[in-house]
Structure formats: structure tokens, C-alpha cells
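Everything on this sheet refers to the single structure shown next.
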Amino acid sequence: MTDARVRFTLNGSPRSVAVEPHRTALDVLRDELGATEVKYGCGEGVCGTCTVVLDGELVSSCLLFAVQLEGAEVLTVRGLEQGGELHPLQRAFLDHGAAQCGFCTPGMILTAVELLGKNANPADAEIRHALAGNLCRCTGYQHIVEAVQYAAEKMKGKKSR
Amino acid sequence: MATAMKYIGKAMKRKEDPRLIQGLGHYVDDIALPNMHHVSFVRSPYAHAKVRSVDTTRAKAAPGVVLVLTGQDVAGVVGPVPCAAVIPDMKQATRPVLATDRVRFAGEAVAMIVATDRYAARDAADLVEVDYEPLTAVVDPEKAITNGATVIHEQYKDNVAYRWVLEGGDLKKAFDEADKVVRQRMVNQRLIPVAMETRGVMADYKPGEQKLTVWSATQIPHLLRTQVAAMLKTPEHSVHVIAPEVGGGFGSKLNVYPEEALVGYAAMKLGKPVKWIETRRENFQTAIHGRDQIDEVELAVKKGGTILGLRVKVIADLGAYYQLLTPLIPTLTGLMMCGCYKIPAARMEVIAVLTNKMSTDAYRGAGRPEATYFIERIVDCAAAELKMDPVEIRRKNFPLPKEFPYATPTGLIYDSADYQTCLDVALKKSNYKKLREEQAAARKKGRLVGIGISTYVEICAMGPSSAMPAGGWESATVRVEPTGMVNIFTGSSPHGQGQETSFAQIGADVLGLTPDEVNVVHGDTAQVPYGIGTFGSRATAVGGTAVYKSLVKVRDKLAQIAGFLMKEEPEKLVFGGHAISVKGNAKKSMAFGEAVGAAYTAKTLPPNVEPGVEATTFFEPSNFTFPFGTHVCVVEIDPETGDVKLVKYVAVDDCGNVINPLLVEGQVHGGIVQAVGQVLLEETVYDENGQLITGELTDYAIPRASDIPWIETDRTVTPSPVNPLGVKGVGEAGTIGATPALCNAVVDALTHLGVRHVDLPTKRERIWRLLHKGGKKK
């Protein structure tokens with residue numbers, strides 16, 4: 001099979017990779033580009049552990065072909081830190097014990113970042129609804145919701161991403 | 001020498017989290033080796049079939065394929081899946097790592113492909129031609145033990161794996177003297193653990209050194225090492241197992257799976273690294289399942305509510321084969337059947353059944369949720385029949401705190417408890433009286449509001465080795481480096497529970513340091529002394545105690561050295577603020593690091609004190625521990641749709657002393673939400689052909705953030721006398737306590753309509769049918 005060349009930006013850095021067209025974005029991000037923070041949890045777009053932000057929208061990278069990343073800006077949790085400082089949401093997760101095994105955490109944080117980008121003052125129900133596409137089996141979600149509420153407070157008045 | 005509690009008891013942020021919130025942790029699939037090959041499995045589509053032939057010709061010739069193994073290739077070469085549980089007179093139900101002449105559940109592995117990339121491995125699996133002769137699938141456990149049922153292990157005459165009875169007290173007297181016998185049949189449905197990380201194993205073999213390294217998402221690295229070495233017939237010291245970051249387990253990774261041995265075997269055969277990552281569908285079909293009991297429960301009571309006796313008949317569906325602890329799990333139900341009640345006589349009879357399904361084994365609670373479920377349900381049924389408040393019947397039957405340690409008719413000694421105070425705290429916190437008033441008002445308006453209570457006790461901190469299949473102790477080595485950094489090597493194997501933090505808190509307090517100066521190492525058999533692993537809510541109670549004892553040994557040794565140098569008696573010294581000082585005279589002190597340095601340079605050591613700073617403990621607990629609690633919850637059912645909404649949840653749990661409340665809270669939340677899953681959402685369905693219908697996340701509904709209300713938690717603290725930390729354990733308690741509370745609430749919402757019990761899950765179809773029985777709406 002002829003390889004296709006895919007060029008896109010990953011966490012602000014330009015990347016270029018040759019891939020067989022049948023490979024998923026998840027697969028190529030992890031195996032070719034070392035973005036192992038993006039996880040395989042189900043391969044069918046239900047669990048949310050493969051979540052990335054693609055041109056400002058949350059997507060399940062397991063449901064995309066790598067070639068669909070062409071020309072896009074892709075953000076993962078490793079792209080959140082600013083000048084060596086953790087993003088307020090990452091800080092909030094740490095402060096509230098919002099991670100246990102950590103497997104859902106990268107996707108969960110990204111979803112929360114996008115939520116706060118659109119809704120700076122979400123109610124409890126809105127947070128839970130936004131996170132409904134990120135499954136967690138460990139935490140029962142409560143510390144996660146607390147972390148998002150706390151981060152929303154902290155980020156109020158600050159310039160959003 | 002007392003330990004100052006500067007860090008123990010504090011909600012310290014986790015040391016694990018910086019790497020996890022940046023996505024920098026390494027789970028099995030995040031570790032790559034050069035020239036790594038990938039695995040896929042050919043699995044039986046049939047639940048029960050003869051395997052007439054397996055033709056791998058086309059698969060072997062497929063691009064990228066380097067190895068194809070069948071059952072015939074590995075029979076006698078790779079040992080079968082081990083089972084550590086022994087029940088008297090049990091049948092054998094041994095699983096070969098790859099099926100040979102028969103398959104006995106849909107998903108059983110028949111062949112293994114190793115190829116240069118994942119896609120090639122997956123494609124080649126489709127090229128293996130297996131000639132199956134389908135046989136009748138045995139799916140219903142009650143039908144499986146009737147005359148004429150197809151026998152799935154054909155060397156036997158029936159599908160009964162074993163019969164087991166546990167009895168204590170005078171049962172005949174109890175039932176003769178009863179005013180009422182309350183009876184209810186209850187199904188504790190089969191569940192699927194669904195850890196967010198699927199299973200995975202990578203192996204690398206160095207032929208020169210004859211060294212096999214195995215990375216596995218496991219809860220039991222040392223036990224896995226011993227078993228894999230045995231299965232591969234290779235010396236134990238030649239196998240090195242590493243549990244890297246593990247993405248959740250809940251018991252589903254407390255096992256020895258055929259894939260773990262096969263990947264090791266392939267690596268040895270090829271001399272190349274080999275990796276297998278489980279697909280989610282495989283995880284549903286072939287990682288262990290939980291629960292699956294049908295319980296006929298009878299409670300003998302006096303009309304005033306005193307419980308006289310309990311009799312339970314259990315049909316336990318074990319699946320087709322034994323995994324590590326499969327036969328043991330229903331017996332744990334028997335041990336805890338009396339719950340937190342003084343019941344003079346109790347009897348459980350288990351008929352364990354083999355069926356054409358995946359094996360059941362330990363899943364969060366492992367046999368104890370089943371016991372708590374039926375005792376809490378039957379007590380509610382008794383309350384309803386006796387027209388008593390469910391709170392009052394419970395209170396009436398609690399043993400008093402002074403009666404502890406308390407001996408149960410099942411042969412256990414409950415360590416310590418105060419069920420009464422815990423109940424009172426929960427009733428107050430939930431404003432129970434007001435909840436009942438609100439319920440009455442809502443009922444008048446036709447709303448279906450239910451209040452559920454459970455008062456539970458559970459058995460954990462597994463456990464005295466006499467009662468454990470593979471030992472119940474735990475190990476810890478504490479080693480202080482010459483530069484003063486403390487390393488704790490623990491046989492516990494956390495996969496989200498946070499012991500890198502809580503053990504560091506203990507270390508900091510014992511040695512007078514900060515948690516940043518205490519490094520916790522786990523999961524690596526080359527670094528950590530033999531350990532039993534993490535399951536059964538044992539890491540802190542058993543593992544933490546081993547850690548504590550080793551820390552105290554290190555402290556005592558450093559005190560001897562410091563005392564000798566300062567010309568003071570070691571007993572007079574205290575550790576705090578990075579210094580070892582004379583109690584009451586802080587000026588007479590030396591730096592912690594100085595004492596450590598003296599131990600290594602060894603120029604002025606007291607007589608009979610060896611150089612170095614290291615101590616190891618293998619802690620054998622004298623008993624299990626028994627956390628307990630009271631949960632109160634409120635549900636509201638939509639009368640039109642049958643939809644059950646969880647409106648309020650209050651949990652008061654007593655896990656003894658708490659090392660880190662943030663971690664404990666997390667375990668309680670997570671445990672409760674898994675119970676919400678069992679009660680409201682989750683259902684494992686095998687059709688009559690043994691096909692797993694609920695084999696994807698789209699079909700098997702685990703709770704989402706939007707399914708859960710705010711959970712209010714509180715605690716009482718009744719230290720356990722079993723270990724010096726006073727810790728009981730809490731990893732499974734939330735699930736155990738919440739399942740009956742939730743079900744009791746659903747029944748309570750419908751009780752005025754004549755409903756006495758609802759089986760799980762209380763999905764809306766089931767409730768709707770109850771509400772619309774006979775075409776008429778109740």
C-alpha cells in the first residue's frame with residue numbers, strides 16, 4: 001500500500017509523517033509521533049480516552065483516519081502547559097484528587113478545557129453533561145467535577161484559551 | 001517511641017498525579033521496544049463446539065506474520081491456566097492456554113498470530129480456518145444442572161462444579177421458633193469489570209542471559225511471575241515481571257491469563273519483543289466477569305423483628321473454566337451472610353455450576369457484595385412483612401460495640417465496630433425523618449419516591465495465610481540511601497489507589513521527614529521483595545503495616561546509631577524535622593542524614609549494629625478486618641417510563657483509621673458508582689447460543705458523570721485492633737454498601753403498589769412492566 005504523507009500541527013509543533021491510509025489517527029499519534037497520552041480504550045468512540053482537540057473541536061481519534069489530520073491543529077493534554085506551568089485544570093485535578101488510575105485523565109482534562117472555553121461558569125449538571133462522553137471507572141466522577149468547578153472559579157476573568 | 005502524626009490523616013495531594021495529569025505515565029501499550037511484534041488471537045465464535053481442525057497455512061503465509069500457534073503446538077509445552085482455589089470434592093475445569101479439541105465459551109482462544117504490525121496480525125487472524133462442530137450451548141445455570149443437560153466438561157456426568165455448605169448454630173431451632181419466615185429469590189447479575197485500560201502484555205526474551213521480561217497490566221506481579229515461570233517451564237529467577245502504570249483493575253487484572261503466558265512463550269520462541277493489547281470486545285468476552293448468583297433467601301424472624309436464623313441456597317454460575325480464584329468466590333459470600341446482625345443460626349448451601357460462558361472471578365467485592373445484597377434486601381423484606389421501619393429492624397439486631405471482637409456463626413471474628421453510631425450519623429446527615437415526610441407528601445401526589453438504607457459490614461484486608469490460597473501476608477523493604485532518600489519497596493501493587501502517596505505519608509511521620517523524601521517503589525519483581533499484590537482492600541491494612549514495621553525497624557536502628565554518637569539512650573530519641581533529638585531537649589540532636597551517613601561510613605557504629613540502613617518485613621495479619629457503614633439514598637421513578645433517577649446519596653463509612661482522606665473519599669465515590677452501575681444500568685446478556693450480546697460499551701452501560709448525583713460522604717472511625725495502623729481498608733466497601741441501598745430505594749418507591757422485590761438492573765423496561773402489569777397501570 002502506498003504511504004500518504006500527512007502534515008499537521010501537534011501541540012503547536014509542525015509534524016510530518018508517512019502513513020498507510022488505513023491507519024487511524026489514534027494509532028499514528030501514539031505509535032509514530034509518541035503521543036502516548038492519547039489512549040486506546042474501546043476503538044469505537046464511546047469511552048473518550050482517545051479524545052484530542054482537532055481544529056478547536058473535541059474528536060475521538062480512534063474514529064478518524066490519520067490522513068484526516070492533514071492541515072489540522074491537534075491539541076492533546078501535553079499541549080496544555082504554558083511556559084512550564086500547568087494549565088489551571090491540570091492544577092485543579094491535582095488539588096482535588098481527580099485522578100486514580102489516570103487512564104481517562106488526559107481525555108477528561110481536554111474535554112473540561114473545551115467546556116470552560118465555551119462556558120466559563122458551568123453548573124454541576126452542565127459539567128456532568130459535558131463529561132458524559134469521557135468514561136471513568138475509578139473515581140465516580142465527583143472529584144473530577146469538583147476540580148472543574150474549582151478551575152472555572154480560578155479562570156474567571158482570565159483570558160480563555 | 002510514638003509516631004508524630006504530621007502527615008498521616010492529611011488529605012495530601014497525590015505524588016502519582018503530576019505524571020498522570022500531563023499524560024506522561026507509561027501503561028503497557030506506551031512502552032515500545034525496537035523490533036517489537038504484535039499479537040492477535042483467533043477466538044471461537046461458538047460458545048460450545050468440538051474443534052475438528054485448525055488450518056493455519058494461509059495465516060502463516062500472510063504478509064508480516066512470523067509465528068502462528070495453535071492448541072496442538074503448545075499442549076504440553078505451555079502449562080494450563082492455574083487455579084489457586086481448592087474446594088473439597090470440586091471438579092476440575094482447567095483451561096488450556098489455547099483450545100485443543102473443544103471450545104467452551106464464545107471468545108475462547110484457539111490460535112495466536114504474531115506479526116510485524118498490529119494490522120497484519122489482525123488480518124492474518126481472519127485467514128486461520130477452524131473447523132468447528134457446534135454443540136448445544138449451556139447458558140442457564142439452573143437448566144445446566146437438570147437431568148439431560150449437555151455436560152460441558154465431558155469427563156464428568158454433570159455440570160456441578162462443587163457443592164459447598166457452611167452452617168453454624170441450631171438452624172432447626174431458629175426456624176421452628178420463628179413467627180415468620182421471610183422468603184425471597186434474588187438474582188445478583190453477572191457483571192463485567194470494564195477497567196478503562198484493557199489488558200495488555202509485552203514480553204522480551206534475551207536468549208544469551210536466558211532472561212524473560214514481562215510487562216503486564218496486572219495487580220499481582222509476583223504471583224504472576226511464579227505462575228508464568230511454571231507455565232513456561234522456566235526457572236522462576238529467569239522471569240522478571242513489571243506492572244507499569246495500570247489503568248484500573250477491580251479484580252479483572254488479579255489473575256493469570258493465558259495471554260500472559262503465551263506472549264512470554266512467543267517472545268522466547270522468537271527471541272524478539274512481542275506485545276498484545278486487548279481489544280475492548282476481547283475485554284468484555286475474555287477478561288473475568290463478576291458476581292452471577294441466584295440466591296433463595298429465607299430469614300426466620302420473631303414478630304417483634306428479632307432475627308433467629310438465615311438459610312440461603314445459592315446457584316453460582318462459574319462459567320466454563322476456573323481462572324485463579326473462580327471457585328472461591330461464592331464461599332466468601334457464605335462467610336459474610338449474616339451481615340451486621342446477631343443471627344444465632346445460619347446456613348448457606350452453594351451449588352456451583354459450569355456453563356458455556358467466560359469465567360467469573362473476583363470483581364470489586366468478590367463474593368461479599370452478594371452477601372450484603374441479600375441480607376440487606378431480606379431484612380428490608382422482613383421489615384415490610386412485619387410492618388416495621390427498616391431502620392428499627394436493623395437497630396434491633398445489631399451487636400453492641402462492647403461485644404466485639406464478635407464471633408459469627410460462619411466462623412469469623414469481626415474485629416471492631418459501632419454500627420449504632422454509624423447508623424445515627426447517617427440518619428442525621430441524610431435527615432432521614434424529613435426524607436420520609438417528603439416521601440409521604442410526594443406519594444400523595446402520585447410520585448414514586450423511594451428511600452433505601454443499607455447497613456453493611458464487609459471482610460477485607462485479605463488476610464490470614466491460613467485462609468488464603470497463595471498466602472495473605474505482605475512485604476515491605478525500607479532502604480535509606482547514603483544521601484538520605486528513603487525508598488519503600490512494597491509488595492502491594494497499586495493501580496490507582498495512591499499508595500505512592502499514603503505510604504510516603506507514613507514514612508514521613510515515622511522518620512520525621514517530608515513525603516517528598518520518601519519514594520515508594522512497586523510493581524517490579526526485580527526491585528521489590530516477593531509480594532502478594534493488591535486486591536481484597538488489603539494494600540494499606542496489610543501492605544501498609546509491613547511498610548510501617550520496616551520503617552520502625554529502620555528508625556530503631558538509626559536511633560541506636562544516633563544514640564551511640566550522642567551518648568544518649570535510643571529510647572529517649574524522637575524523629576522530627578529531619579533530625580533525631582532527645583525528647584524534651586531539641587538542642588541535643590543530629591541531622592537524620594548524619595545518622596544515615598554514619599551507618600554507611602561505619603566508622604563509629606555501636607557494638608552489634610551492622611552497617612547500612614535497610615529493613616524488611618513480611619507481615620502476617622492475625623485476622624481480616626471488617627469495615628462497615630450505613631448508606632442512605634433516594635430515588636425517584638418516572639411512572640410513565642419506569643426510569644429510575646438517583647436523587648440523593650449519603651454514605652457514612654468506617655474504615656478505621658484514615659491515612660489520606662482524599663484517597664479514601666475517592667475509593668468510596670468510585671465504589672458507590674460501580675454499585676450504581678450494577679443496580680441501575682449494567683447487564684451481561686448471553687443469548688441461548690451463548691453469544692455475549694452485551695459485548696461493547698454501546699451495549700453494556702457503565703455509569704457516566706451525568707448519571708450520578710452529588711455523593712455526600714462522612715465517616716466514623718473505629719480503629720481495627722488487627723494492625724498497628726488501626727486501618728481496615730476501603731477499596732470495595734463503597735460497592736458492597738451501595739448495591740443494596742440502591743435496590744432497597746427502588747423497591748421502597750414501589751412498595752405501596754405491592755412490589756416486594758425488583759431484580760437487577762432496575763432498568764426502565766423492568767420497572768415499566770411492573771407498573772403496567774396485566775396491561776393496567778397500577
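Please note that chains go A, B, ... in the order of the C-alpha cells, that every chain numbers its residues from 1, and that ligands are numbered from 1 in the order shown.
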At a cut-off of 7 Å, can you tabulate as JSON lines every residue of chain A near chain B together with its closest atom pair and the distance in Å to one decimal, using only C-alpha atoms and ordering rows by chain then number?
```
{"residue": "A:Thr36", "atom": "CA", "partner": "B:Asp30", "partner_atom": "CA", "distance": 5.7}
{"residue": "A:Glu37", "atom": "CA", "partner": "B:Gly23", "partner_atom": "CA", "distance": 4.4}
{"residue": "A:Gly41", "atom": "CA", "partner": "B:Glu197", "partner_atom": "CA", "distance": 5.9}
{"residue": "A:Cys42", "atom": "CA", "partner": "B:Arg280", "partner_atom": "CA", "distance": 4.9}
{"residue": "A:Val46", "atom": "CA", "partner": "B:Leu697", "partner_atom": "CA", "distance": 6.6}
{"residue": "A:Val77", "atom": "CA", "partner": "B:Gln22", "partner_atom": "CA", "distance": 6.0}
{"residue": "A:Arg78", "atom": "CA", "partner": "B:Gln22", "partner_atom": "CA", "distance": 5.5}
{"residue": "A:Gln90", "atom": "CA", "partner": "B:Ile21", "partner_atom": "CA", "distance": 5.8}
{"residue": "A:Leu94", "atom": "CA", "partner": "B:Asp17", "partner_atom": "CA", "distance": 6.0}
{"residue": "A:Asp95", "atom": "CA", "partner": "B:Lys13", "partner_atom": "CA", "distance": 6.0}
{"residue": "A:Gly97", "atom": "CA", "partner": "B:Leu662", "partner_atom": "CA", "distance": 6.4}
{"residue": "A:Ala99", "atom": "CA", "partner": "B:Asp17", "partner_atom": "CA", "distance": 6.8}
{"residue": "A:Gln100", "atom": "CA", "partner": "B:Gly496", "partner_atom": "CA", "distance": 4.1}
{"residue": "A:Cys101", "atom": "CA", "partner": "B:Gly496", "partner_atom": "CA", "distance": 3.6}
{"residue": "A:Gly102", "atom": "CA", "partner": "B:Leu20", "partner_atom": "CA", "distance": 5.3}
{"residue": "A:Phe103", "atom": "CA", "partner": "B:Gly247", "partner_atom": "CA", "distance": 5.2}
{"residue": "A:Cys104", "atom": "CA", "partner": "B:Met196", "partner_atom": "CA", "distance": 6.9}
{"residue": "A:Thr105", "atom": "CA", "partner": "B:Ile21", "partner_atom": "CA", "distance": 6.3}
{"residue": "A:Pro106", "atom": "CA", "partner": "B:Gly23", "partner_atom": "CA", "distance": 5.7}
{"residue": "A:Arg128", "atom": "CA", "partner": "B:Ser706", "partner_atom": "CA", "distance": 4.6}
{"residue": "A:His129", "atom": "CA", "partner": "B:Ser706", "partner_atom": "CA", "distance": 5.2}
{"residue": "A:Leu131", "atom": "CA", "partner": "B:Ala705", "partner_atom": "CA", "distance": 6.2}
{"residue": "A:Ala132", "atom": "CA", "partner": "B:Arg704", "partner_atom": "CA", "distance": 5.3}
{"residue": "A:Leu135", "atom": "CA", "partner": "B:Arg704", "partner_atom": "CA", "distance": 6.0}
{"residue": "A:Cys136", "atom": "CA", "partner": "B:Met196", "partner_atom": "CA", "distance": 6.8}
{"residue": "A:Arg137", "atom": "CA", "partner": "B:Ala195", "partner_atom": "CA", "distance": 6.2}
{"residue": "A:Cys138", "atom": "CA", "partner": "B:Gly670", "partner_atom": "CA", "distance": 5.1}
{"residue": "A:Thr139", "atom": "CA", "partner": "B:Gly670", "partner_atom": "CA", "distance": 4.5}
{"residue": "A:Gly140", "atom": "CA", "partner": "B:Gly670", "partner_atom": "CA", "distance": 4.1}
{"residue": "A:Tyr141", "atom": "CA", "partner": "B:Ala705", "partner_atom": "CA", "distance": 5.7}
{"residue": "A:Gln142", "atom": "CA", "partner": "B:His669", "partner_atom": "CA", "distance": 7.0}
```
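The strand (DSSP E or B) portion of chain A consists of Ala4, Arg5, Val6, Arg7, Phe8, Thr9, Leu10, Ser13, Pro14, Arg15, Ser16, Val17, Ala18, Val19, Thr24, Thr51, Val52, Val53, Leu54, Glu57, Leu58, Val59, Ser60, Phe65, Glu73, Val74, Leu75, Gln82 and Glu85 of chain A, with states taken from DSSP on the backbone.
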### Task
Mind listing the alpha helix (DSSP H) residues of region 551-582 of chain B, per DSSP on the backbone, as an MDAnalysis selection string?
chainID B and resid 551:566
Could the residues in this selection be saved with all heavy atoms as a CSV table (one decimal), in the first residue's frame?
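Okay, this is what ended up in result.csv:
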```csv
chain,number,residue,atom,x,y,z
B,551,LEU,N,9.7,0.5,58.6
B,551,LEU,CA,10.1,1.9,58.9
B,551,LEU,C,10.5,2.0,60.4
B,551,LEU,O,11.5,2.6,60.7
B,551,LEU,CB,8.9,2.9,58.7
B,551,LEU,CG,8.6,3.2,57.2
B,551,LEU,CD1,7.2,3.8,57.1
B,551,LEU,CD2,9.6,4.1,56.6
B,552,VAL,N,9.8,1.3,61.2
B,552,VAL,CA,10.1,1.3,62.7
B,552,VAL,C,11.4,0.6,62.9
B,552,VAL,O,12.2,1.1,63.7
B,552,VAL,CB,8.9,0.7,63.5
B,552,VAL,CG1,9.4,0.4,64.9
B,552,VAL,CG2,7.7,1.6,63.5
B,553,LYS,N,11.7,-0.5,62.2
B,553,LYS,CA,13.0,-1.2,62.3
B,553,LYS,C,14.1,-0.2,61.9
B,553,LYS,O,15.1,-0.2,62.6
B,553,LYS,CB,13.0,-2.4,61.5
B,553,LYS,CG,12.1,-3.6,62.0
B,553,LYS,CD,12.2,-4.7,60.9
B,553,LYS,CE,11.2,-5.8,61.4
B,553,LYS,NZ,11.0,-6.8,60.3
B,554,VAL,N,13.9,0.5,60.8
B,554,VAL,CA,14.9,1.4,60.4
B,554,VAL,C,15.1,2.5,61.4
B,554,VAL,O,16.2,2.9,61.7
B,554,VAL,CB,14.5,2.0,59.0
B,554,VAL,CG1,15.3,3.3,58.7
B,554,VAL,CG2,14.8,0.9,57.9
B,555,ARG,N,14.0,3.0,61.9
B,555,ARG,CA,14.1,4.1,62.9
B,555,ARG,C,14.8,3.6,64.1
B,555,ARG,O,15.7,4.4,64.7
B,555,ARG,CB,12.7,4.6,63.2
B,555,ARG,CG,12.6,5.7,64.2
B,555,ARG,CD,11.2,6.2,64.6
B,555,ARG,NE,10.5,5.2,65.3
B,555,ARG,CZ,9.2,5.3,65.6
B,555,ARG,NH1,8.5,6.3,65.1
B,555,ARG,NH2,8.6,4.3,66.3
B,556,ASP,N,14.5,2.4,64.6
B,556,ASP,CA,15.1,1.9,65.8
B,556,ASP,C,16.6,1.8,65.6
B,556,ASP,O,17.4,2.1,66.5
B,556,ASP,CB,14.5,0.6,66.2
B,556,ASP,CG,13.1,0.7,66.7
B,556,ASP,OD1,12.7,1.9,67.0
B,556,ASP,OD2,12.4,-0.3,66.9
B,557,LYS,N,17.0,1.3,64.4
B,557,LYS,CA,18.4,1.2,64.1
B,557,LYS,C,19.1,2.5,64.1
B,557,LYS,O,20.2,2.7,64.6
B,557,LYS,CB,18.6,0.5,62.8
B,557,LYS,CG,20.1,0.3,62.4
B,557,LYS,CD,20.2,-0.5,61.2
B,557,LYS,CE,21.7,-0.8,61.0
B,557,LYS,NZ,22.0,-1.7,59.9
B,558,LEU,N,18.5,3.5,63.4
B,558,LEU,CA,19.1,4.8,63.4
B,558,LEU,C,19.2,5.4,64.7
B,558,LEU,O,20.1,6.2,65.1
B,558,LEU,CB,18.3,5.7,62.4
B,558,LEU,CG,18.5,5.4,60.9
B,558,LEU,CD1,17.6,6.2,60.0
B,558,LEU,CD2,19.9,5.6,60.4
B,559,ALA,N,18.2,5.1,65.6
B,559,ALA,CA,18.2,5.7,66.9
B,559,ALA,C,19.4,5.1,67.7
B,559,ALA,O,20.0,5.8,68.5
B,559,ALA,CB,16.9,5.3,67.6
B,560,GLN,N,19.6,3.8,67.5
B,560,GLN,CA,20.8,3.2,68.2
B,560,GLN,C,22.1,3.9,67.7
B,560,GLN,O,23.0,4.1,68.5
B,560,GLN,CB,20.9,1.7,67.8
B,560,GLN,CG,19.9,0.8,68.5
B,560,GLN,CD,20.3,-0.6,68.4
B,560,GLN,OE1,20.0,-1.2,67.3
B,560,GLN,NE2,20.9,-1.2,69.4
B,561,ILE,N,22.2,4.1,66.4
B,561,ILE,CA,23.4,4.7,65.9
B,561,ILE,C,23.5,6.2,66.4
B,561,ILE,O,24.6,6.6,66.9
B,561,ILE,CB,23.4,4.7,64.4
B,561,ILE,CG1,23.5,3.2,63.9
B,561,ILE,CG2,24.5,5.5,63.8
B,561,ILE,CD1,23.3,3.0,62.4
B,562,ALA,N,22.4,6.9,66.3
B,562,ALA,CA,22.4,8.3,66.8
B,562,ALA,C,22.7,8.4,68.3
B,562,ALA,O,23.4,9.2,68.8
B,562,ALA,CB,21.1,9.0,66.4
B,563,GLY,N,22.0,7.5,69.0
B,563,GLY,CA,22.2,7.5,70.5
B,563,GLY,C,23.7,7.2,70.8
B,563,GLY,O,24.2,7.8,71.7
B,564,PHE,N,24.3,6.3,70.1
B,564,PHE,CA,25.7,6.0,70.4
B,564,PHE,C,26.6,7.2,70.1
B,564,PHE,O,27.5,7.5,70.9
B,564,PHE,CB,26.1,4.8,69.5
B,564,PHE,CG,27.4,4.2,69.8
B,564,PHE,CD1,27.7,3.5,70.9
B,564,PHE,CD2,28.5,4.4,68.9
B,564,PHE,CE1,28.9,3.0,71.2
B,564,PHE,CE2,29.8,3.9,69.1
B,564,PHE,CZ,30.0,3.2,70.3
B,565,LEU,N,26.3,7.9,69.0
B,565,LEU,CA,27.1,9.1,68.7
B,565,LEU,C,26.8,10.2,69.7
B,565,LEU,O,27.7,11.0,70.0
B,565,LEU,CB,26.8,9.5,67.2
B,565,LEU,CG,27.3,8.6,66.1
B,565,LEU,CD1,26.7,9.0,64.8
B,565,LEU,CD2,28.8,8.6,66.1
B,566,MET,N,25.6,10.4,70.1
B,566,MET,CA,25.3,11.5,71.0
B,566,MET,C,25.4,11.1,72.5
B,566,MET,O,25.1,11.9,73.4
B,566,MET,CB,23.8,11.9,70.7
B,566,MET,CG,23.6,12.6,69.4
B,566,MET,SD,22.1,13.5,69.3
B,566,MET,CE,20.9,12.2,69.1
```
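Note that the spacing between CA of Glu260 (chain B) and CA of Phe489 (chain B) amounts to 24.2 Å.
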### Query
Any idea what's packed within 12 Å of Val59 (chain A), counting only C-alpha atoms, ignoring anything in its chain fewer than 4 positions away? Could you give it as a ChimeraX atom specification?
/A:25-26,38,44-55,63-65,68-69,74-76,107,110-111,114,133-134
## Note on the structure
If you count only C-alpha atoms, the residue of A:Val148, A:Ala18, A:Leu115, A:Pro88 closest to Glu32 (chain A) turns out to be A:Ala18
### Query
His578 (chain B): which residues within 7 Å, counting only C-alpha atoms, same-chain residues fewer than 5 positions away excluded, as a PyMOL selection string?
chain B and resi 512-513+591-592
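Of the listed residues (B:Gly319, B:His237, B:Asn744, B:Ile288), B:Asn744 comes nearest to Pro390 (chain B); the distances count only C-alpha atoms.
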### Message
Which residues are close to Asp124 (chain A), i.e. within 8 Å by only C-alpha atoms, leaving aside same-chain residues fewer than 2 positions away? Reply as a ChimeraX atom specification.
### Response
/A:122,126-128,145,149
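Of the residues listed (B:Pro82, B:Gly731, B:Gly365, B:Pro570), B:Pro82 shows the shortest atom-to-atom separation from Tyr257 (chain B); distances use only C-alpha atoms.
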